[in-house]
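Here's the structure we're looking at; comments come further down.
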Amino acid sequence: MTYNRPPFGDPGVKTVYKPGFFGLPGYHVPMPDYPISIKENFWRAAKRHNPVWVPNSSTDIQGTMLAYTNGMPEADFTRRERYYFTDWFGLEWMFVPEAGGPMLKPGFQLMDDITEWETKVKFPNLNDYDWKGNCERWFKTCDPRKVTQVNIGLGCTERLVSLMGGYTDAMLAMAMEPEAVRDFLEAFVEWDMKVIDKLCQYLPLDFVTYHDDWGTERDTFFSEAMMEAMVFEPTKKLFDYIHSKGVIIQHHSCGNIKRFMPYYIGAGVDFLQIQARANDVPALKAQWGDKIGFEVSIDPAQDKETLVQNIHKTVDTFAKGGGIFTSVAARDPELIWDGVMELYCYSRETYDRELEEKQRQAAETKAAPAVPAFPGMEMPAAYI
């Protein structure tokens, strides 16, 4: 079936306002007439079981940073000058507008000996923060039909690196004091699970993004042996806990991380957010796409014809079997409209053909037709 692409400004199409991130202006986007709920379709995409369209973060997802859910100190991405702030672990940071984010204040180091972490590291008391008030204020601006996402910030190894003053001492600690590193990571995960509890208490949480950079653009920071000895089990414990809450997981990782793909999958990651310039993402999709999903980017364009071509290329490369979400970015309101509608319609047509082929094969083998199923994790009622 071919779906109608309504022209820009069609009065029969509803629009919603999409706030901008990091101080950028927001914009209006069209909302297609979805045949199932946005949340159910996102769940199907995450679990790679018959999504109806490719989820579009511009229309389907509303997200915020952890700081906005509790009021903890955090970088102000709207500012355009360098400045310093202290985070809730007592670490000193410098916001660098040229880089688009914060870095540890040069020369700052909380500890240089990981064996001292039990006396040096002060885990924040979560009850010191106004989770209820901050979550309620933010969610008043949200659409309950959309997927609610929180970026929970630094993961296990990133927090280790920040406490040790940078990668040099952190990697030396992993090499020389693996038991102490493992003990710290396990303690961090226990604390992070309480963060998840707070979020689930005060928000209808559907989706978290977990930041843990595991590589440079050349290769991973540490070996598979170190992964297995220290990082994997604490990470999997946290992800199992997040999944037990009915929440989908996206793992953000910078660097060339292809050697760690089995560990992402083993830990239960639903979506990977990785650098296209450091990884051959189409090749990773081809090899691992039946086991893990990817957030992917659509190449920007200055005209409709090119944007449509880029959308088709992205869908054709990544959409097979589900396990993909993306976004449409453009400066021109008409281009945004055309891109949103093309992504929705073209991906829906693609998935219609895919489901028809599954049903044809099932009929030929006299097997049951393909239906949504969610192995290892039941779809919450809120998604239906």
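Letters A, B, ... mark the chains of the structure tokens in the order given; residue numbers begin at 1 per chain; ligand numbers begin at 1, in order shown.
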
Long-range neighbours of Tyr210 in chain A as a PyMOL selection string, 6 Å cut-off, only C-alpha atoms, 2 positions minimum in chain: chain A and resi 152-153+251-252

Could you save those same residues with C-alpha atoms as a PDB file, in the first residue's frame?
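Dumped everything to out.pdb:
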```
ATOM      1  CA  ILE A 152      20.803   9.441  32.921  1.00  0.00           C
ATOM      2  CA  GLY A 153      24.331  10.656  32.244  1.00  0.00           C
ATOM      3  CA  HIS A 251      23.656   2.849  25.354  1.00  0.00           C
ATOM      4  CA  HIS A 252      25.605   5.850  24.080  1.00  0.00           C
TER       5      HIS A 252
END
```

Within 9 Å of Glu179 in chain A, counting only C-alpha atoms, which residues show up once you throw out same-chain ones fewer than 5 positions away? Write them as a ChimeraX atom specification, please. /A:115,174,184,229-230

DSSP helix (DSSP H, G or I) residues within range 229-334 of chain A, listed as a VMD selection string: chain A and resid 229 to 244 258 to 267 281 to 288 304 to 318 333 to 334

Residues from last step as file, C-alpha atoms, as a compact mmCIF listing (two decimals), in the first residue's frame:
```txt
# COMPACT_ATOMS: atom_id res chain seq x y z
CA ALA A 229 36.66 -8.93 34.79
CA MET A 230 35.25 -5.53 35.78
CA VAL A 231 32.72 -3.80 33.53
CA PHE A 232 30.30 -6.32 32.05
CA GLU A 233 28.61 -7.79 35.12
CA PRO A 234 27.90 -4.46 36.88
CA THR A 235 26.59 -3.03 33.60
CA LYS A 236 24.35 -6.04 32.98
CA LYS A 237 23.06 -5.86 36.55
CA LEU A 238 21.99 -2.25 36.02
CA PHE A 239 20.42 -3.00 32.64
CA ASP A 240 18.55 -6.00 33.99
CA TYR A 241 17.16 -3.76 36.71
CA ILE A 242 16.12 -1.08 34.22
CA HIS A 243 14.40 -3.71 32.09
CA SER A 244 12.60 -5.05 35.18
CA LYS A 258 32.96 -3.04 17.26
CA ARG A 259 34.97 -5.52 19.35
CA PHE A 260 32.50 -4.99 22.22
CA MET A 261 29.34 -5.76 20.23
CA PRO A 262 28.81 -9.16 21.93
CA TYR A 263 28.95 -7.44 25.32
CA TYR A 264 26.37 -4.80 24.41
CA ILE A 265 24.10 -7.60 23.27
CA GLY A 266 24.83 -9.75 26.31
CA ALA A 267 24.06 -6.86 28.64
CA VAL A 281 27.23 1.13 11.27
CA PRO A 282 25.64 -0.49 8.18
CA ALA A 283 28.04 -3.42 8.58
CA LEU A 284 27.19 -3.68 12.29
CA LYS A 285 23.50 -3.68 11.41
CA ALA A 286 24.05 -6.42 8.83
CA GLN A 287 25.97 -8.59 11.30
CA TRP A 288 24.18 -7.89 14.58
CA LYS A 304 13.30 18.08 -0.72
CA GLU A 305 14.58 15.74 -3.45
CA THR A 306 17.87 15.11 -1.66
CA LEU A 307 16.19 14.75 1.73
CA VAL A 308 13.79 12.15 0.35
CA GLN A 309 16.71 10.24 -1.18
CA ASN A 310 18.56 10.31 2.15
CA ILE A 311 15.49 9.06 4.01
CA HIS A 312 15.03 6.18 1.56
CA LYS A 313 18.73 5.27 1.89
CA THR A 314 18.51 5.22 5.69
CA VAL A 315 15.34 3.14 5.77
CA ASP A 316 16.60 0.72 3.11
CA THR A 317 19.89 0.25 4.98
CA PHE A 318 18.70 -0.01 8.57
CA PRO A 333 9.83 24.35 8.22
CA GLU A 334 8.63 22.95 4.89
```

Neighbouring residues of range 357-368 of chain A were defined as those with any atom within 12 Å, considering only C-alpha atoms; residues of the same chain fewer than 4 positions away were excluded. Please report them as number ranges by chain. A: 49-50, 321, 350-353, 372

Write a file of the selected residues as a CSV table (one decimal), in the first residue's frame, keeping N, CA and C atoms.
```
chain,number,residue,atom,x,y,z
A,49,HIS,N,10.3,-6.5,16.6
A,49,HIS,CA,9.1,-7.4,16.3
A,49,HIS,C,8.0,-6.6,15.6
A,50,ASN,N,8.1,-6.5,14.3
A,50,ASN,CA,7.0,-5.9,13.5
A,50,ASN,C,6.6,-4.5,13.9
A,321,GLY,N,13.7,-5.6,9.8
A,321,GLY,CA,13.5,-6.3,11.0
A,321,GLY,C,13.3,-5.5,12.3
A,350,THR,N,7.5,0.2,3.8
A,350,THR,CA,8.6,-0.8,3.9
A,350,THR,C,8.2,-1.9,4.8
A,351,TYR,N,7.7,-1.6,6.0
A,351,TYR,CA,7.3,-2.6,7.0
A,351,TYR,C,6.0,-3.3,6.5
A,352,ASP,N,5.1,-2.7,5.8
A,352,ASP,CA,4.0,-3.4,5.2
A,352,ASP,C,4.5,-4.6,4.3
A,353,ARG,N,5.4,-4.3,3.5
A,353,ARG,CA,5.9,-5.3,2.6
A,353,ARG,C,6.7,-6.4,3.4
A,372,PRO,N,3.5,-9.7,17.0
A,372,PRO,CA,4.5,-9.1,17.9
A,372,PRO,C,4.8,-10.0,19.1
```

Name all residues at most 10 Å from Trp138 in chain A (count only C-alpha atoms; drop same-chain ones fewer than 4 positions away) and give them as number ranges by chain. A: 63-64, 68-69, 133-134, 142, 203

State, in Å with one decimal place, the distance from CA of Glu228 in chain A to CA of Arg48 in chain A.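 Between CA of Glu228 in chain A and CA of Arg48 in chain A the gap works out to 26.9 Å.
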
Have a look at CA of Ala330 in chain A and CA of Asp303 in chain A and let me know their distance in Å, one decimal.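 Taking CA of Ala330 in chain A as the start and CA of Asp303 in chain A as the end point, the length is 9.6 Å.
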
Check the DSSP output for the backbone and give back, as a VMD selection string, the residues of range 49-298 of chain A in strand (DSSP E or B). chain A and resid 56 61 to 65 83 to 86 92 to 96 101 to 104 147 to 154 207 to 211 215 220 248 to 253 271 to 274 293 to 295

Kindly indicate which residue among A:Val29, A:Ala225, A:Val340, A:Ala329 lies nearest to Ile298 in chain A, using only C-alpha atoms for the distances.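 Nearest candidate to Ile298 in chain A out of A:Val29, A:Ala225, A:Val340, A:Ala329: A:Ala329.
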
Spatial neighbours of Pro144 in chain A, 12 Å, only C-alpha atoms, chain gap at least 6 places, as a VMD selection string: chain A and resid 37 to 39 60 to 62 138 203 to 206 382 to 383

Now that the selection is made, can you save its residues with C-alpha atoms as a PDB file, in the first residue's frame?
```
ATOM      1  CA  SER A  37       0.061   4.052  19.725  1.00  0.00           C
ATOM      2  CA  ILE A  38       3.454   5.717  19.463  1.00  0.00           C
ATOM      3  CA  LYS A  39       4.627   3.822  22.536  1.00  0.00           C
ATOM      4  CA  ASP A  60       7.603  10.216  18.836  1.00  0.00           C
ATOM      5  CA  ILE A  61      10.046  10.924  21.682  1.00  0.00           C
ATOM      6  CA  GLN A  62      10.244  13.603  24.366  1.00  0.00           C
ATOM      7  CA  TRP A 138       8.932  19.113  33.192  1.00  0.00           C
ATOM      8  CA  LEU A 203       7.686   9.907  35.675  1.00  0.00           C
ATOM      9  CA  PRO A 204       6.008   7.465  33.269  1.00  0.00           C
ATOM     10  CA  LEU A 205       9.505   6.461  32.185  1.00  0.00           C
ATOM     11  CA  ASP A 206       9.727   4.536  28.907  1.00  0.00           C
ATOM     12  CA  ALA A 382       0.928   1.386  28.955  1.00  0.00           C
ATOM     13  CA  TYR A 383       2.453   0.632  25.557  1.00  0.00           C
TER      14      TYR A 383
END
```

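Among the candidates A:Asp169, A:Asp76, A:Pro32, A:Ser162, the one nearest to Asn56 in chain A when counting only C-alpha atoms is A:Pro32.
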
Given only C-alpha atoms as the basis, pick out the residue of A:Glu356, A:Glu158, A:Asp290, A:Glu342 nearest to Gly215 in chain A. A:Glu158

Non-local contacts of Ala319 in chain A (8 Å; only C-alpha atoms; under 5 positions in same chain excluded) as a PyMOL selection string: chain A and resi 54+314+324+347

I need the residues from that last selection saved to file as a PDB file, in the first residue's frame (with N, CA and C atoms), if you can.
```
ATOM      1  N   VAL A  54       9.159   3.540  11.226  1.00  0.00           N
ATOM      2  CA  VAL A  54      10.411   3.844  11.911  1.00  0.00           C
ATOM      3  C   VAL A  54      10.166   4.995  12.873  1.00  0.00           C
ATOM      4  N   THR A 314      18.442   5.612   4.282  1.00  0.00           N
ATOM      5  CA  THR A 314      18.513   5.222   5.691  1.00  0.00           C
ATOM      6  C   THR A 314      17.551   4.071   5.995  1.00  0.00           C
ATOM      7  N   ILE A 324      15.504   0.166  14.862  1.00  0.00           N
ATOM      8  CA  ILE A 324      16.015   1.442  14.381  1.00  0.00           C
ATOM      9  C   ILE A 324      15.087   2.549  14.845  1.00  0.00           C
ATOM     10  N   SER A 347       8.692   4.396   5.495  1.00  0.00           N
ATOM     11  CA  SER A 347       9.016   3.293   6.410  1.00  0.00           C
ATOM     12  C   SER A 347       7.791   2.418   6.649  1.00  0.00           C
TER      13      SER A 347
END
```

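Proximity of A:Gln302, A:Thr148, A:Val247, A:Trp88 to Gly268 in chain A, computed with only C-alpha atoms, is greatest for A:Val247.
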
Which residue of A:Gly246, A:Gly339, A:Pro6, A:Gly155 approaches Val189 in chain A most closely, using only C-alpha atoms: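 Answer, going by the shortest atom-to-atom distance: A:Gly155.
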
Which of these, A:Cys200, A:Leu91, A:Val181, A:Ile274, has the shortest distance to Glu295 in chain A once you count only C-alpha atoms?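 Nearest candidate to Glu295 in chain A out of A:Cys200, A:Leu91, A:Val181, A:Ile274: A:Ile274.
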
Distance of CA of Glu224 in chain A from CA of Pro178 in chain A, expressed in Å to one decimal place: 13.5 Å

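Once Gly101 in chain A and its same-chain neighbours fewer than 2 positions away are set aside, Phe22, Glu74, Ala75, Asp76, Phe77, Thr78, Arg79, Arg80, Glu81, Arg82, Tyr83, Tyr84, Trp93, Met94, Phe95, Val96, Pro97, Glu98, Ala99, Met103 and Leu104 of chain A remain within 12 Å of it when counting only C-alpha atoms.
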